[in-house]
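Containing mmCIF, C-alpha atoms and all ligand atoms: data-v6.cif.
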```cif
data_start
#
loop_
_atom_site.group_PDB
_atom_site.id
_atom_site.type_symbol
_atom_site.label_atom_id
_atom_site.label_comp_id
_atom_site.auth_asym_id
_atom_site.auth_seq_id
_atom_site.Cartn_x
_atom_site.Cartn_y
_atom_site.Cartn_z
ATOM 1 C CA MET A 239 56.934 11.276 111.494
ATOM 2 C CA SER A 240 59.879 13.655 111.406
ATOM 3 C CA TYR A 241 63.312 12.940 110.008
ATOM 4 C CA GLU A 242 66.764 14.308 110.710
ATOM 5 C CA THR A 243 67.983 14.625 107.132
ATOM 6 C CA ILE A 244 64.815 14.696 105.055
ATOM 7 C CA LEU A 245 61.765 16.927 104.749
ATOM 8 C CA LEU A 246 58.536 15.338 103.602
ATOM 9 C CA GLU A 247 55.583 17.237 102.255
ATOM 10 C CA THR A 248 52.414 16.159 100.463
ATOM 11 C CA ARG A 249 51.140 18.213 97.549
ATOM 12 C CA GLY A 250 47.893 16.753 96.251
ATOM 13 C CA ARG A 251 48.711 13.178 95.248
ATOM 14 C CA VAL A 252 52.448 13.880 95.180
ATOM 15 C CA ALA A 253 55.017 13.312 97.921
ATOM 16 C CA LEU A 254 57.775 15.924 97.841
ATOM 17 C CA ILE A 255 60.941 14.631 99.500
ATOM 18 C CA THR A 256 63.692 17.166 100.163
ATOM 19 C CA LEU A 257 67.200 16.126 101.189
ATOM 20 C CA ASN A 258 68.095 18.389 104.076
ATOM 21 C CA ARG A 259 71.730 18.341 105.183
ATOM 22 C CA PRO A 260 72.692 21.843 104.054
ATOM 23 C CA GLN A 261 75.881 21.913 106.116
ATOM 24 C CA ALA A 262 77.236 18.979 104.067
ATOM 25 C CA LEU A 263 75.688 19.837 100.691
ATOM 26 C CA ASN A 264 73.299 16.926 101.225
ATOM 27 C CA ALA A 265 76.117 14.386 101.338
ATOM 28 C CA LEU A 266 74.537 10.956 101.509
ATOM 29 C CA ASN A 267 75.409 9.353 104.819
ATOM 30 C CA SER A 268 73.781 6.249 106.254
ATOM 31 C CA THR A 269 71.132 8.326 108.029
ATOM 32 C CA VAL A 270 70.007 9.854 104.728
ATOM 33 C CA MET A 271 69.959 6.426 103.129
ATOM 34 C CA ASN A 272 67.948 4.854 105.925
ATOM 35 C CA GLU A 273 65.524 7.754 106.222
ATOM 36 C CA LEU A 274 64.934 7.809 102.495
ATOM 37 C CA ARG A 275 64.224 4.075 102.563
ATOM 38 C CA GLN A 276 61.726 4.590 105.395
ATOM 39 C CA VAL A 277 60.031 7.469 103.596
ATOM 40 C CA LEU A 278 59.731 5.509 100.360
ATOM 41 C CA THR A 279 58.350 2.465 102.179
ATOM 42 C CA ALA A 280 55.664 4.673 103.734
ATOM 43 C CA ILE A 281 54.854 6.315 100.383
ATOM 44 C CA GLN A 282 54.761 2.927 98.696
ATOM 45 C CA SER A 283 51.890 1.778 100.875
ATOM 46 C CA ASP A 284 49.989 5.078 100.876
ATOM 47 C CA ASP A 285 47.189 4.839 98.307
ATOM 48 C CA ALA A 286 46.701 8.607 98.425
ATOM 49 C CA ILE A 287 50.130 9.133 96.824
ATOM 50 C CA GLY A 288 50.583 8.412 93.112
ATOM 51 C CA ALA A 289 54.107 9.709 92.492
ATOM 52 C CA ALA A 290 57.029 11.334 94.289
ATOM 53 C CA VAL A 291 59.604 14.034 93.676
ATOM 54 C CA LEU A 292 63.068 13.931 95.207
ATOM 55 C CA THR A 293 64.935 17.208 95.435
ATOM 56 C CA GLY A 294 67.763 18.895 97.310
ATOM 57 C CA SER A 295 68.709 22.516 97.857
ATOM 58 C CA GLU A 296 69.397 25.223 95.312
ATOM 59 C CA LYS A 297 73.156 24.687 95.770
ATOM 60 C CA ALA A 298 73.187 20.907 95.871
ATOM 61 C CA PHE A 299 70.932 18.030 95.018
ATOM 62 C CA ALA A 300 73.610 15.942 96.746
ATOM 63 C CA ALA A 301 77.414 16.243 96.676
ATOM 64 C CA GLY A 302 77.931 12.491 96.859
ATOM 65 C CA ALA A 303 78.317 9.785 99.432
ATOM 66 C CA ASP A 304 79.534 11.214 102.726
ATOM 67 C CA ILE A 305 83.322 11.251 102.437
ATOM 68 C CA LYS A 306 83.768 11.897 106.155
ATOM 69 C CA GLU A 307 81.725 8.799 106.968
ATOM 70 C CA MET A 308 83.604 6.673 104.412
ATOM 71 C CA GLN A 309 87.125 7.863 105.132
ATOM 72 C CA SER A 310 88.008 5.224 107.717
ATOM 73 C CA LEU A 311 86.099 2.349 106.155
ATOM 74 C CA ASN A 312 88.141 -0.762 105.397
ATOM 75 C CA PHE A 313 87.607 -3.461 102.810
ATOM 76 C CA ILE A 314 86.383 -6.188 105.138
ATOM 77 C CA ASP A 315 83.736 -3.989 106.748
ATOM 78 C CA ALA A 316 82.655 -2.579 103.386
ATOM 79 C CA TYR A 317 82.418 -6.064 101.902
ATOM 80 C CA LEU A 318 80.818 -7.932 104.790
ATOM 81 C CA GLY A 319 78.390 -5.090 105.489
ATOM 82 C CA ASP A 320 77.682 -4.688 101.754
ATOM 83 C CA PHE A 321 78.300 -0.945 102.161
ATOM 84 C CA ILE A 322 75.713 1.325 100.496
ATOM 85 C CA SER A 323 73.662 -1.581 99.147
ATOM 86 C CA GLY A 324 70.680 -0.049 100.973
ATOM 87 C CA TRP A 325 70.318 2.319 98.025
ATOM 88 C CA ASP A 326 69.020 -0.656 96.035
ATOM 89 C CA ASP A 327 65.777 -0.211 97.986
ATOM 90 C CA VAL A 328 65.359 3.204 96.362
ATOM 91 C CA ALA A 329 65.700 1.556 92.959
ATOM 92 C CA SER A 330 63.002 -0.952 93.983
ATOM 93 C CA PHE A 331 60.458 1.781 94.748
ATOM 94 C CA ARG A 332 57.510 0.988 92.482
ATOM 95 C CA LYS A 333 55.813 4.371 92.163
ATOM 96 C CA PRO A 334 57.245 6.992 89.796
ATOM 97 C CA LEU A 335 60.047 9.012 91.369
ATOM 98 C CA ILE A 336 61.260 12.196 89.690
ATOM 99 C CA ALA A 337 64.597 13.788 90.583
ATOM 100 C CA ALA A 338 64.438 17.601 90.644
ATOM 101 C CA VAL A 339 68.098 18.585 90.488
ATOM 102 C CA SER A 340 69.572 21.983 91.217
ATOM 103 C CA GLY A 341 73.274 22.627 91.798
ATOM 104 C CA PHE A 342 75.678 19.768 92.446
ATOM 105 C CA ALA A 343 74.677 16.173 91.709
ATOM 106 C CA LEU A 344 78.055 14.527 92.192
ATOM 107 C CA GLY A 345 79.147 10.973 92.851
ATOM 108 C CA GLY A 346 76.384 9.285 94.826
ATOM 109 C CA GLY A 347 74.269 12.402 94.200
ATOM 110 C CA CYS A 348 74.422 11.863 90.445
ATOM 111 C CA GLU A 349 73.843 8.157 91.011
ATOM 112 C CA LEU A 350 70.814 8.817 93.203
ATOM 113 C CA ALA A 351 69.356 11.117 90.542
ATOM 114 C CA MET A 352 69.896 8.337 87.996
ATOM 115 C CA ILE A 353 68.143 5.797 90.246
ATOM 116 C CA CYS A 354 65.058 8.023 89.946
ATOM 117 C CA ASP A 355 62.845 7.498 86.902
ATOM 118 C CA PHE A 356 63.784 10.750 85.229
ATOM 119 C CA ILE A 357 65.612 13.949 85.974
ATOM 120 C CA ILE A 358 64.296 17.466 85.682
ATOM 121 C CA ALA A 359 67.229 19.828 86.082
ATOM 122 C CA SER A 360 67.517 23.495 86.821
ATOM 123 C CA LYS A 361 69.870 25.477 84.584
ATOM 124 C CA THR A 362 72.344 25.490 87.466
ATOM 125 C CA ALA A 363 72.636 21.711 87.748
ATOM 126 C CA LYS A 364 76.071 20.119 87.550
ATOM 127 C CA PHE A 365 76.518 16.375 87.195
ATOM 128 C CA GLY A 366 79.677 14.369 87.733
ATOM 129 C CA GLN A 367 81.316 11.211 89.034
ATOM 130 C CA PRO A 368 84.386 12.615 90.814
ATOM 131 C CA GLU A 369 85.145 9.439 92.811
ATOM 132 C CA ILE A 370 88.367 8.960 90.846
ATOM 133 C CA THR A 371 89.737 12.101 92.515
ATOM 134 C CA LEU A 372 89.275 10.344 95.873
ATOM 135 C CA GLY A 373 91.041 7.163 94.847
ATOM 136 C CA VAL A 374 87.864 5.134 94.321
ATOM 137 C CA ILE A 375 85.212 4.594 91.655
ATOM 138 C CA PRO A 376 81.429 5.094 91.659
ATOM 139 C CA GLY A 377 79.684 2.569 93.902
ATOM 140 C CA MET A 378 75.977 3.344 93.565
ATOM 141 C CA GLY A 379 75.620 2.543 89.878
ATOM 142 C CA GLY A 380 77.539 5.407 88.239
ATOM 143 C CA THR A 381 79.569 3.309 85.849
ATOM 144 C CA GLN A 382 76.464 1.386 84.781
ATOM 145 C CA ARG A 383 73.526 3.802 84.753
ATOM 146 C CA LEU A 384 75.565 6.738 83.446
ATOM 147 C CA THR A 385 76.942 4.609 80.614
ATOM 148 C CA ARG A 386 73.449 3.487 79.653
ATOM 149 C CA ALA A 387 72.178 7.067 79.819
ATOM 150 C CA VAL A 388 74.934 8.920 77.956
ATOM 151 C CA GLY A 389 76.988 6.222 76.205
ATOM 152 C CA LYS A 390 80.553 5.060 76.669
ATOM 153 C CA ALA A 391 82.408 8.172 75.516
ATOM 154 C CA LYS A 392 80.917 10.613 77.990
ATOM 155 C CA ALA A 393 80.649 8.068 80.803
ATOM 156 C CA MET A 394 84.354 7.280 80.456
ATOM 157 C CA ASP A 395 85.178 10.983 80.256
ATOM 158 C CA LEU A 396 83.247 11.748 83.449
ATOM 159 C CA CYS A 397 84.358 8.701 85.437
ATOM 160 C CA LEU A 398 88.019 8.937 84.414
ATOM 161 C CA THR A 399 88.585 12.695 84.578
ATOM 162 C CA GLY A 400 86.104 13.504 87.342
ATOM 163 C CA ARG A 401 84.927 16.585 85.437
ATOM 164 C CA MET A 402 81.403 17.931 85.795
ATOM 165 C CA MET A 403 78.874 18.478 83.036
ATOM 166 C CA ASP A 404 76.343 21.257 83.116
ATOM 167 C CA ALA A 405 72.587 20.904 82.613
ATOM 168 C CA GLN A 406 72.786 21.699 78.912
ATOM 169 C CA GLU A 407 75.405 19.057 78.224
ATOM 170 C CA ALA A 408 73.517 16.557 80.403
ATOM 171 C CA GLU A 409 70.302 17.172 78.496
ATOM 172 C CA SER A 410 71.967 16.846 75.074
ATOM 173 C CA ALA A 411 73.619 13.635 76.260
ATOM 174 C CA GLY A 412 70.304 12.126 77.368
ATOM 175 C CA LEU A 413 70.817 12.196 81.120
ATOM 176 C CA VAL A 414 68.263 14.910 81.773
ATOM 177 C CA ALA A 415 64.651 14.944 80.564
ATOM 178 C CA ARG A 416 63.961 18.687 80.899
ATOM 179 C CA ILE A 417 65.782 21.855 81.911
ATOM 180 C CA VAL A 418 63.875 24.590 83.703
ATOM 181 C CA GLU A 419 64.576 27.936 85.336
ATOM 182 C CA PRO A 420 65.868 27.419 88.893
ATOM 183 C CA GLU A 421 62.847 29.060 90.513
ATOM 184 C CA ARG A 422 60.444 26.761 88.621
ATOM 185 C CA LEU A 423 62.254 23.493 89.355
ATOM 186 C CA VAL A 424 60.151 22.035 92.152
ATOM 187 C CA GLU A 425 56.902 23.408 90.718
ATOM 188 C CA GLU A 426 57.612 21.774 87.330
ATOM 189 C CA ALA A 427 58.639 18.446 88.865
ATOM 190 C CA VAL A 428 55.577 18.381 91.149
ATOM 191 C CA ALA A 429 53.336 19.242 88.181
ATOM 192 C CA ALA A 430 54.829 16.343 86.204
ATOM 193 C CA ALA A 431 54.350 14.019 89.180
ATOM 194 C CA GLU A 432 50.771 15.239 89.688
ATOM 195 C CA LYS A 433 50.027 14.535 86.037
ATOM 196 C CA ILE A 434 51.404 10.998 86.385
ATOM 197 C CA ALA A 435 49.475 10.486 89.624
ATOM 198 C CA GLY A 436 46.257 11.324 87.764
ATOM 199 C CA PHE A 437 46.629 8.436 85.318
ATOM 200 C CA SER A 438 45.575 4.844 85.912
ATOM 201 C CA GLN A 439 48.037 3.550 88.490
ATOM 202 C CA PRO A 440 48.241 -0.021 87.145
ATOM 203 C CA ALA A 441 49.224 1.437 83.754
ATOM 204 C CA VAL A 442 51.715 3.838 85.361
ATOM 205 C CA ARG A 443 53.398 1.047 87.342
ATOM 206 C CA MET A 444 53.580 -1.196 84.309
ATOM 207 C CA ALA A 445 55.009 1.579 82.137
ATOM 208 C CA LYS A 446 57.771 2.119 84.714
ATOM 209 C CA GLU A 447 58.435 -1.591 85.011
ATOM 210 C CA ALA A 448 58.557 -2.058 81.245
ATOM 211 C CA VAL A 449 60.929 0.864 80.614
ATOM 212 C CA ASN A 450 63.226 -0.408 83.361
ATOM 213 C CA ARG A 451 63.264 -3.851 81.736
ATOM 214 C CA ALA A 452 64.874 -2.266 78.676
ATOM 215 C CA PHE A 453 68.050 -1.945 80.721
ATOM 216 C CA GLU A 454 68.092 -5.530 81.840
ATOM 217 C CA GLN A 455 67.334 -7.780 78.908
ATOM 218 C CA THR A 456 67.499 -8.206 75.155
ATOM 219 C CA LEU A 457 65.184 -6.307 72.820
ATOM 220 C CA GLY A 458 63.203 -9.455 71.948
ATOM 221 C CA GLU A 459 62.598 -10.378 75.584
ATOM 222 C CA GLY A 460 61.789 -6.772 76.456
ATOM 223 C CA LEU A 461 59.258 -6.540 73.626
ATOM 224 C CA ARG A 462 57.569 -9.749 74.752
ATOM 225 C CA PHE A 463 57.450 -8.495 78.342
ATOM 226 C CA GLU A 464 55.934 -5.198 77.194
ATOM 227 C CA ARG A 465 53.327 -7.013 75.063
ATOM 228 C CA ARG A 466 52.236 -9.173 77.994
ATOM 229 C CA LEU A 467 51.852 -6.151 80.263
ATOM 230 C CA PHE A 468 49.989 -4.328 77.504
ATOM 231 C CA HIS A 469 47.583 -7.275 77.142
ATOM 232 C CA SER A 470 47.030 -7.448 80.891
ATOM 233 C CA LEU A 471 45.881 -3.822 81.018
ATOM 234 C CA PHE A 472 42.802 -4.830 78.999
ATOM 235 C CA ALA A 473 41.670 -6.593 82.164
ATOM 236 C CA THR A 474 41.370 -3.237 83.958
ATOM 237 C CA GLU A 475 38.316 -1.021 84.328
ATOM 238 C CA ASP A 476 40.601 1.941 83.704
ATOM 239 C CA GLN A 477 41.308 0.757 80.146
ATOM 240 C CA LYS A 478 37.546 0.744 79.425
ATOM 241 C CA GLU A 479 37.181 4.140 81.088
ATOM 242 C CA GLY A 480 40.230 5.690 79.371
ATOM 243 C CA MET A 481 39.156 4.608 75.898
ATOM 244 C CA ALA A 482 35.471 5.448 76.441
ATOM 245 C CA ALA A 483 36.485 8.911 77.674
ATOM 246 C CA PHE A 484 38.534 9.483 74.534
ATOM 247 C CA ILE A 485 35.654 8.486 72.263
ATOM 248 C CA GLU A 486 33.116 10.493 74.277
ATOM 249 C CA LYS A 487 35.481 13.498 74.236
ATOM 250 C CA ARG A 488 35.592 13.837 78.007
ATOM 251 C CA ARG A 489 38.206 13.554 80.706
ATOM 252 C CA ALA A 490 38.877 10.024 81.993
ATOM 253 C CA ASP A 491 37.998 9.286 85.588
ATOM 254 C CA PHE A 492 40.466 6.581 86.586
ATOM 255 C CA LYS A 493 39.747 4.412 89.614
ATOM 256 C CA ASN A 494 43.032 2.488 89.654
ATOM 257 C CA ARG A 495 41.144 -0.744 89.156
HETATM 258 N N1 LIG B 501 80.909 14.268 101.862
HETATM 259 C C1 LIG B 501 81.027 14.890 103.050
HETATM 260 N N2 LIG B 501 81.016 16.233 103.172
HETATM 261 C C2 LIG B 501 80.878 16.956 102.036
HETATM 262 C C3 LIG B 501 80.762 16.369 100.779
HETATM 263 C C4 LIG B 501 80.763 14.948 100.718
HETATM 264 N N3 LIG B 501 80.598 14.281 99.563
HETATM 265 N N4 LIG B 501 80.659 17.350 99.849
HETATM 266 C C5 LIG B 501 80.714 18.507 100.513
HETATM 267 N N5 LIG B 501 80.847 18.278 101.836
HETATM 268 C C6 LIG B 501 80.958 19.265 102.918
HETATM 269 C C7 LIG B 501 82.329 19.913 102.927
HETATM 270 O O1 LIG B 501 83.256 19.101 103.581
HETATM 271 C C8 LIG B 501 82.023 21.195 103.639
HETATM 272 O O2 LIG B 501 81.953 20.935 105.009
HETATM 273 P P1 LIG B 501 82.808 21.866 106.064
HETATM 274 O O3 LIG B 501 82.137 23.212 105.923
HETATM 275 O O4 LIG B 501 82.553 21.195 107.356
HETATM 276 O O5 LIG B 501 84.203 21.867 105.579
HETATM 277 C C9 LIG B 501 80.615 21.541 103.172
HETATM 278 O O6 LIG B 501 80.062 20.331 102.680
HETATM 279 C C10 LIG B 501 80.583 22.551 102.030
HETATM 280 O O7 LIG B 501 81.430 22.057 100.994
HETATM 281 P P2 LIG B 501 82.592 22.927 100.310
HETATM 282 O O8 LIG B 501 83.134 23.910 101.281
HETATM 283 O O9 LIG B 501 83.552 21.965 99.689
HETATM 284 O O10 LIG B 501 81.728 23.699 99.207
HETATM 285 P P3 LIG B 501 82.246 24.282 97.811
HETATM 286 O O11 LIG B 501 81.134 25.097 97.295
HETATM 287 O O12 LIG B 501 83.577 24.906 97.968
HETATM 288 O O13 LIG B 501 82.453 23.000 96.872
HETATM 289 C C11 LIG B 501 81.840 20.861 95.906
HETATM 290 C C12 LIG B 501 81.355 22.231 96.472
HETATM 291 C C13 LIG B 501 82.591 21.081 94.587
HETATM 292 C C14 LIG B 501 80.596 20.039 95.654
HETATM 293 C C15 LIG B 501 82.771 20.180 96.950
HETATM 294 O O14 LIG B 501 82.128 20.175 98.203
HETATM 295 C C16 LIG B 501 83.123 18.762 96.606
HETATM 296 O O15 LIG B 501 83.940 18.530 95.734
HETATM 297 N N6 LIG B 501 82.494 17.789 97.300
HETATM 298 C C17 LIG B 501 82.811 16.382 97.142
HETATM 299 C C18 LIG B 501 82.258 15.835 95.849
HETATM 300 C C19 LIG B 501 82.657 14.392 95.699
HETATM 301 O O16 LIG B 501 83.805 14.035 95.582
HETATM 302 N N7 LIG B 501 81.643 13.494 95.660
HETATM 303 C C20 LIG B 501 81.847 12.077 95.511
HETATM 304 C C21 LIG B 501 81.827 11.407 96.858
HETATM 305 S S1 LIG B 501 82.302 9.694 96.766
HETATM 306 C C22 LIG B 501 80.909 8.870 96.276
HETATM 307 O O17 LIG B 501 79.883 9.455 96.050
HETATM 308 C C23 LIG B 501 81.063 7.364 96.148
HETATM 309 C C24 LIG B 501 79.898 6.688 95.510
HETATM 310 O O18 LIG B 501 79.788 6.564 94.339
HETATM 311 C C25 LIG B 501 78.885 6.064 96.337
#
```
Could you write out this structure as structure tokens?
Amino acid sequence: MSYETILLETRGRVALITLNRPQALNALNSTVMNELRQVLTAIQSDDAIGAAVLTGSEKAFAAGADIKEMQSLNFIDAYLGDFISGWDDVASFRKPLIAAVSGFALGGGCELAMICDFIIASKTAKFGQPEITLGVIPGMGGTQRLTRAVGKAKAMDLCLTGRMMDAQEAESAGLVARIVEPERLVEEAVAAAEKIAGFSQPAVRMAKEAVNRAFEQTLGEGLRFERRLFHSLFATEDQKEGMAAFIEKRRADFKNR
């Protein structure tokens, strides 16, 4: 299957998805959104894939929602059509998804990176929520996910002034997991995804689900949820294999069962 705005490659057990609208700095129009949803649906049901990496170009991960597409939108159409709600499907993707960010990750681009499970950034990455400069506010989760990631002070600063933060600032603030040299970005993200894909997939899925719960409920409820998932993993063959391998000082051979 070929796509207009996305390149899809398989590297081992990892799907590498590259946003490919260079003429618009990977601005996120409805075609990108729909193609990304299709790609993720296909990856979701492909047992040969254990994790995915989402990246852009060296200059831009994505420069935001497509302003040219949005310019003439009116309230009624935006509201009745629930404009950009399709991105929720990306957040519902159950396999690990790593954002490999180089260059601009602005507006919807920053929000898309934050929808991913974690961000590996090149030294050149620049994050921001410049919607305020356009007379709007973030609409793909920027005010919520950014605030949870970096706290109120920086989230307010970015959303109200529209300024960008560089990779270093984003890492210190907790938005970015790792910073790498630009030429190693995709390699490092794919290596991280490959490592994840090699673990027991029930455990990987539950780890993702449990961490995401931390953003949705109280500590007590989250701890109980985690405990129940933890208990359930003792029903898997992979738990027996993983622990036996440790004790026998060998590498675990997980079967995802
Ligand atoms: N939408 C549509 N087109 C975009 C775009 C966007 N978000 N960002 C860049 N482009 C286009 C430009 O219009 C330009 O196209 P033309 O050559 O046809 O004029 C091309 O990409 C290259 O961009 P620039 O010439 O502007 O490149 P630059 O290097 O001078 O500047 C930039 C780079 C600072 C990222 C600048 O492009 C910019 O500020 N882009 C807009 C960023 C922005 O405001 N994003 C938020 C969008 S709103 C949003 O995302 C809402 C939400 O929360 C869902």
### Query
Neighbours of ligand LIG 501 (chain B) within 6 Å, counting all atoms listed in the file, as a list of chain:residue names?
A:Gln261, A:Ala262, A:Leu263, A:Ala265, A:Ala301, A:Gly302, A:Ala303, A:Asp304, A:Ile305, A:Lys306, A:Phe342, A:Leu344, A:Gly345, A:Gly346, A:Pro368, A:Glu369, A:Pro376, A:Gly377, A:Met378
### Query
Can you list, as a count of residues only, every protein, DNA or RNA residue that comes within 12 Å of Ala408 of chain A when you count all atoms listed in the file, leaving out same-chain residues fewer than 3 positions away?
32
### Message
Please expand the PyMOL selection byres (((chain A and resi 321-336) around 9) and not hetatm) into the concrete residues it hits in this file, giving the result as a ChimeraX atom specification.
### Response
/A:268,271-272,274-275,278-279,281-282,287-293,303,315-320,337-338,350-351,353-358,377-378,427-428,430-431,434-435,439,442-443,446-447
### Minimum-distance residue to Gln276 of chain A, chosen among A:Asn312, A:Met239, A:Arg488, A:Gly250 (using all atoms listed in the file)
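Of all the options, A:Met239 lies closest to Gln276 of chain A.
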#### Entry: Ground truth for the PyMOL selection byres (((chain A and resi 257) around 7) and not hetatm), written as an NGL selection string
:A and (243-245 or 255-256 or 258-259 or 264 or 293-294)
### Query
So how many Å separate atom CA of Val277 of chain A and atom CA of Leu246 of chain A, to one decimal?
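One can read the atom CA of Val277 of chain A to atom CA of Leu246 of chain A distance as 8.0 Å.
Distances from A:Lys390, A:Glu296, A:Arg401, A:Ala429 to Thr371 of chain A were compared using only C-alpha atoms, and the smallest one belongs to A:Arg401.
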### Query
What does the distance from atom CA of Ala300 of chain A to atom CA of Asp284 of chain A come to in Å, to one decimal?
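One can read the atom CA of Ala300 of chain A to atom CA of Asp284 of chain A distance as 26.3 Å.
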#### Entry: Pick from A:Ala445, A:Met308, A:Val252, A:Leu471, whichever lies nearest to Asn267 of chain A using all atoms listed in the file
A:Met308
### Task
Report the distance between atom CA of Ala483 of chain A and atom CA of Gly436 of chain A in Å, rounded to one decimal place.
14.3 Å
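In terms of minimum interatomic distance to Lys478 of chain A, A:Asp491 ranks closest within A:Glu432, A:Glu349, A:Glu426, A:Asp491, counting only C-alpha atoms.
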### Task
Taking the file above as input, evaluate the PyMOL selection byres (((chain A and resi 440) around 10) and not hetatm) and report the hits as an MDAnalysis selection string.
chainID A and resid 437:439 441:445 467 470:471 474 476:477 493:495
For the residues in the current selection, export C-alpha atoms as a PDB file, in the frame of the given file.
```
ATOM      1  CA  PHE A 437      46.629   8.436  85.318  1.00  0.00           C
ATOM      2  CA  SER A 438      45.575   4.844  85.912  1.00  0.00           C
ATOM      3  CA  GLN A 439      48.037   3.550  88.490  1.00  0.00           C
ATOM      4  CA  ALA A 441      49.224   1.437  83.754  1.00  0.00           C
ATOM      5  CA  VAL A 442      51.715   3.838  85.361  1.00  0.00           C
ATOM      6  CA  ARG A 443      53.398   1.047  87.342  1.00  0.00           C
ATOM      7  CA  MET A 444      53.580  -1.196  84.309  1.00  0.00           C
ATOM      8  CA  ALA A 445      55.009   1.579  82.137  1.00  0.00           C
ATOM      9  CA  LEU A 467      51.852  -6.151  80.263  1.00  0.00           C
ATOM     10  CA  SER A 470      47.030  -7.448  80.891  1.00  0.00           C
ATOM     11  CA  LEU A 471      45.881  -3.822  81.018  1.00  0.00           C
ATOM     12  CA  THR A 474      41.370  -3.237  83.958  1.00  0.00           C
ATOM     13  CA  ASP A 476      40.601   1.941  83.704  1.00  0.00           C
ATOM     14  CA  GLN A 477      41.308   0.757  80.146  1.00  0.00           C
ATOM     15  CA  LYS A 493      39.747   4.412  89.614  1.00  0.00           C
ATOM     16  CA  ASN A 494      43.032   2.488  89.654  1.00  0.00           C
ATOM     17  CA  ARG A 495      41.144  -0.744  89.156  1.00  0.00           C
TER      18      ARG A 495
END
```
### Query
Which one of A:Ala298, A:Leu457, A:Val418, A:Ala286 sits closest to Gln406 of chain A if you count all atoms listed in the file?
A:Val418
Using N, CA and C atoms, give me segment 309-323 of chain A from the structure I just pasted, as a PDB file, in the first residue's frame.
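Dumped everything to part26.pdb:
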```pdb
ATOM      1  N   GLN A 309      -7.851  27.626   7.354  1.00  0.00           N
ATOM      2  CA  GLN A 309      -8.108  29.071   7.265  1.00  0.00           C
ATOM      3  C   GLN A 309      -9.587  29.411   7.115  1.00  0.00           C
ATOM      4  N   SER A 310     -10.295  28.682   6.252  1.00  0.00           N
ATOM      5  CA  SER A 310     -11.675  29.062   5.961  1.00  0.00           C
ATOM      6  C   SER A 310     -12.708  28.279   6.773  1.00  0.00           C
ATOM      7  N   LEU A 311     -12.216  27.508   7.726  1.00  0.00           N
ATOM      8  CA  LEU A 311     -13.136  26.707   8.543  1.00  0.00           C
ATOM      9  C   LEU A 311     -14.008  27.618   9.401  1.00  0.00           C
ATOM     10  N   ASN A 312     -15.282  27.262   9.566  1.00  0.00           N
ATOM     11  CA  ASN A 312     -16.109  28.042  10.492  1.00  0.00           C
ATOM     12  C   ASN A 312     -16.501  27.186  11.696  1.00  0.00           C
ATOM     13  N   PHE A 313     -17.073  27.848  12.688  1.00  0.00           N
ATOM     14  CA  PHE A 313     -17.360  27.159  13.945  1.00  0.00           C
ATOM     15  C   PHE A 313     -18.288  25.959  13.747  1.00  0.00           C
ATOM     16  N   ILE A 314     -19.381  26.182  13.032  1.00  0.00           N
ATOM     17  CA  ILE A 314     -20.377  25.116  12.906  1.00  0.00           C
ATOM     18  C   ILE A 314     -19.768  23.863  12.263  1.00  0.00           C
ATOM     19  N   ASP A 315     -18.992  24.060  11.198  1.00  0.00           N
ATOM     20  CA  ASP A 315     -18.392  22.901  10.542  1.00  0.00           C
ATOM     21  C   ASP A 315     -17.356  22.228  11.451  1.00  0.00           C
ATOM     22  N   ALA A 316     -16.574  23.073  12.149  1.00  0.00           N
ATOM     23  CA  ALA A 316     -15.562  22.511  13.051  1.00  0.00           C
ATOM     24  C   ALA A 316     -16.244  21.711  14.155  1.00  0.00           C
ATOM     25  N   TYR A 317     -17.336  22.266  14.680  1.00  0.00           N
ATOM     26  CA  TYR A 317     -18.013  21.625  15.810  1.00  0.00           C
ATOM     27  C   TYR A 317     -18.776  20.372  15.372  1.00  0.00           C
ATOM     28  N   LEU A 318     -19.591  20.519  14.339  1.00  0.00           N
ATOM     29  CA  LEU A 318     -20.393  19.362  13.912  1.00  0.00           C
ATOM     30  C   LEU A 318     -19.509  18.238  13.365  1.00  0.00           C
ATOM     31  N   GLY A 319     -18.429  18.621  12.687  1.00  0.00           N
ATOM     32  CA  GLY A 319     -17.538  17.597  12.125  1.00  0.00           C
ATOM     33  C   GLY A 319     -16.495  17.118  13.129  1.00  0.00           C
ATOM     34  N   ASP A 320     -16.533  17.690  14.324  1.00  0.00           N
ATOM     35  CA  ASP A 320     -15.550  17.372  15.382  1.00  0.00           C
ATOM     36  C   ASP A 320     -14.124  17.414  14.807  1.00  0.00           C
ATOM     37  N   PHE A 321     -13.806  18.579  14.216  1.00  0.00           N
ATOM     38  CA  PHE A 321     -12.545  18.792  13.506  1.00  0.00           C
ATOM     39  C   PHE A 321     -11.331  18.304  14.307  1.00  0.00           C
ATOM     40  N   ILE A 322     -10.488  17.598  13.649  1.00  0.00           N
ATOM     41  CA  ILE A 322      -9.237  16.975  14.112  1.00  0.00           C
ATOM     42  C   ILE A 322      -9.389  15.915  15.205  1.00  0.00           C
ATOM     43  N   SER A 323     -10.617  15.492  15.476  1.00  0.00           N
ATOM     44  CA  SER A 323     -10.774  14.453  16.511  1.00  0.00           C
ATOM     45  C   SER A 323     -10.202  13.108  16.043  1.00  0.00           C
TER      46      SER A 323
END
```
